[in-house]
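Undergrad: There's a structure below that I have some questions on.
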2 protein chains.
Amino acid sequence: MDKTKPLILITNDDGVSAPGIRALISIMAEIGEIVVVAPDSPQSAMGHAITTNSTLYINKISKEGDVITEYSCSGTPVDCVKLAVNEILKRKPDLCVSGVNHGSNSSINVIYSGTMSAAVEAGIEGIPAIGFSLLDYDWNANFDPIKSFIKKIALEVLDNSLPEGVVLNVNFPKLVEKEIKGIRICRQAKAFWAEKFYKRQTPQGRDYYWLAGEFINQDQGEDTDEWALANGYISVVPVQFDLTAHHAIQNLNTRKWNE
Amino acid sequence: MDKTKPLILITNDDGVSAPGIRALISIMAEIGEIVVVAPDSPQSAMGHAITTNSTLYINKISKEGDVITEYSCSGTPVDCVKLAVNEILKRKPDLCVSGVNHGSNSSINVIYSGTMSAAVEAGIEGIPAIGFSLLDYDWNANFDPIKSFIKKIALEVLDNSLPEGVVLNVNFPKLVEKEIKGIRICRQAKAFWAEKFYKRQTPQGRDYYWLAGEFINQDQGEDTDEWALANGYISVVPVQFDLTAHHAIQNLNTRKWNE
């Protein structure tokens, strides 16, 4: 590997053939040595799932001599990062980027997102990491308007790293480049999904359910990712993997647990 | 449903037939009206995965007239909570308890845990929620020593609820009851898994990998869950689902993102 270039691990949750990761690869190829390790099939909404009770397969899909080294993996996005770091890469990468996801990972979506879980796993392993998502679920989404911003954000993180225990959740509004107002550091909006299940029957007459739902945001804060995206900004939320609600410890300590 | 008793939703990630959830059901039956909605097969390490690209099935496994109503579900622990709240229960439960997990969910394990993700999902839906785990992976683990503590913690949460946006991650040391020193409110220890993959070959000669690993804790803080458990205490960590690293926002705002 070229030691003068940063080593960049690329993954996603839509699968290695998704246009979003192809766009991300083309951008990262301009700034680093690239290794792709991505799921061999779509793994959306896998959260931080890992495969502990079954086997994992890796397929090298790039050929000898290709500029970019690519692998597909049978596991989840988090499995991809673990396999990359422990079995595939010769050294710890300088950066891990995940995405570009076809669809939003803003607000509470971060917790269900395979894209972000891959970034979080890299963060746990001490690798600066960023998840990128575009607010367009279309497989033919246009990633051109956001390419310059992705490059800028990746270079900033390569130059100055990230605070310890933090990865970035970057979401892009679906806009043409000149309509994008810039980058805003945000907090995650307090929004949620009002769940709805479609209840139908199989051809054999058995009931089944299919998850749907409506995204409800009642958090009007101008410091939130939802506000930024609705107002033409790119949202950047620092995400932590220490899940302790430190602010709640004092309250809980006032209770009589041991009486 | 009996309106004088609290309505308690019970789930887990080891599957509806696991001894851990059977123990939890027996305890909760003493204090509330019980509905069980748990995976029909083991779903450990599923993190916050949800099923969006496929069907979900629910089977009622209790009979008419049974004191406890039980369902198994084909999905993940988070799916179970969503289906319970939206399709099965007639009203929002007063408490959701998940577990008792066969094995630890302390420290960084919280992020991979299906047990805890079920509790977190309930928390997102505004339901006071607790995940319980015993530091014993054995299917025949003895849950008797921890039953009185589980009851005490559940009653405390039913009486006084929890701070907004917080669920509890409760882990029990593998000790006889009289050796358990009490309950401690803790923060999540900064520990991680030093990954290792077993690399083997299928009978057909194809390489496969199997995730293993060693848990490494270099956080010696006496306010951590790992310290509490190693010293004979039950650890209670308040867990949040706002993943924003609020402390990092100021640092990131000093950077030149828009130049």
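To be explicit about the labels: the chains of the structure tokens are called A, B, and onward in the order shown, and within each one the residues are counted from 1, while ligands get numbers from 1 in the order they are shown.
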Give as number ranges by chain every residue of chain A that touches chain B within 7 Å, counting only C-alpha atoms.

TA: A: 45-50, 52, 54-57, 86, 111-112, 163, 166, 182-183, 185, 187-188, 195-196, 208-211, 237-240, 242-245, 248-249, 252-253, 257-258

Undergrad: Could you pull out all residues of region 23-230 of chain B with a DSSP call of alpha helix (DSSP H) and give them as a PyMOL selection string?

TA: chain B and resi 23-28+77-83+114-124+147-160+225-230

Undergrad: Any idea what's packed within 7 Å of Pro173 (chain A), counting only C-alpha atoms, ignoring anything in its chain fewer than 3 positions away? Could you give it as a PyMOL selection string?

TA: chain A and resi 134-135+229+232-234

Undergrad: Residues near region 61-74 of chain A, anyone? I mean within 8 Å using only C-alpha atoms, not counting same-chain ones fewer than 4 positions away, as a PyMOL selection string.

TA: chain A and resi 16+29+33-41+56-57+80

Undergrad: Enter the distance from CA of Ile146 (chain A) to CA of Asp219 (chain A), in Å, rounded to one decimal.

TA: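 Straight-line distance from CA of Ile146 (chain A) to CA of Asp219 (chain A) works out to 26.2 Å.
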
Undergrad: Of the candidates A:Ile31, A:Leu89, A:Ala84, A:Ala141, which shows the shortest atom-to-atom distance to Ala18 (chain A), using only C-alpha atoms?

TA: A:Ala141

Undergrad: Kindly give the distance, in Å, that separates CA of Ile130 (chain B) and CA of Val97 (chain B), rounded to a single decimal.

TA: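 Between these atoms lies a distance of 4.9 Å.
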
Undergrad: If we count only C-alpha atoms and set the cut-off at 8 Å, which residues sit around Leu175 (chain B), ignoring sequence neighbours fewer than 4 positions away in its own chain? Please answer as a list in words.

TA: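 Here the qualifying residues turn out to be Pro145, Glu179, Ile180 and Gly232 of chain B.
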
Undergrad: Could you save the residues just selected, with all heavy atoms, as an mmCIF file, in the first residue's frame?

TA:
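Wrote again_2.cif, looks like this:
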data_model
loop_
_atom_site.group_PDB
_atom_site.id
_atom_site.type_symbol
_atom_site.label_atom_id
_atom_site.label_comp_id
_atom_site.auth_asym_id
_atom_site.auth_seq_id
_atom_site.Cartn_x
_atom_site.Cartn_y
_atom_site.Cartn_z
ATOM 1 N N PRO B 145 -31.285 -16.427 42.589
ATOM 2 C CA PRO B 145 -30.654 -15.429 43.462
ATOM 3 C C PRO B 145 -30.990 -13.978 43.110
ATOM 4 O O PRO B 145 -30.810 -13.084 43.942
ATOM 5 C CB PRO B 145 -29.141 -15.682 43.261
ATOM 6 C CG PRO B 145 -29.042 -17.075 42.750
ATOM 7 C CD PRO B 145 -30.289 -17.297 41.943
ATOM 8 N N GLU B 179 -24.365 -13.219 48.697
ATOM 9 C CA GLU B 179 -23.083 -12.596 48.321
ATOM 10 C C GLU B 179 -23.263 -11.311 47.522
ATOM 11 O O GLU B 179 -22.306 -10.588 47.276
ATOM 12 C CB GLU B 179 -22.250 -13.583 47.492
ATOM 13 C CG GLU B 179 -21.661 -14.733 48.309
ATOM 14 C CD GLU B 179 -20.946 -15.766 47.433
ATOM 15 O OE1 GLU B 179 -21.036 -15.685 46.194
ATOM 16 O OE2 GLU B 179 -20.302 -16.646 48.007
ATOM 17 N N ILE B 180 -24.486 -11.055 47.055
ATOM 18 C CA ILE B 180 -24.734 -9.835 46.269
ATOM 19 C C ILE B 180 -24.794 -8.644 47.231
ATOM 20 O O ILE B 180 -25.583 -8.626 48.179
ATOM 21 C CB ILE B 180 -26.043 -9.962 45.454
ATOM 22 C CG1 ILE B 180 -25.893 -11.107 44.436
ATOM 23 C CG2 ILE B 180 -26.350 -8.646 44.737
ATOM 24 C CD1 ILE B 180 -27.140 -11.381 43.604
ATOM 25 N N GLY B 232 -19.148 -7.548 43.188
ATOM 26 C CA GLY B 232 -20.298 -8.148 43.847
ATOM 27 C C GLY B 232 -21.566 -7.316 43.848
ATOM 28 O O GLY B 232 -22.527 -7.656 44.536
#

Undergrad: DSSP says strand (DSSP E or B) for which residues of region 10-259 of chain B? Put them as a ChimeraX atom specification?

TA: /B:10-11,33-39,56,58-60,69-73,95-102,129-134,166-172,182-185,187,191-201,207-217,224,233-240,244

Undergrad: Please, what distance in Å, to one decimal, runs between CA of Thr11 (chain A) and CA of Lys147 (chain A)?

TA: 16.7 Å
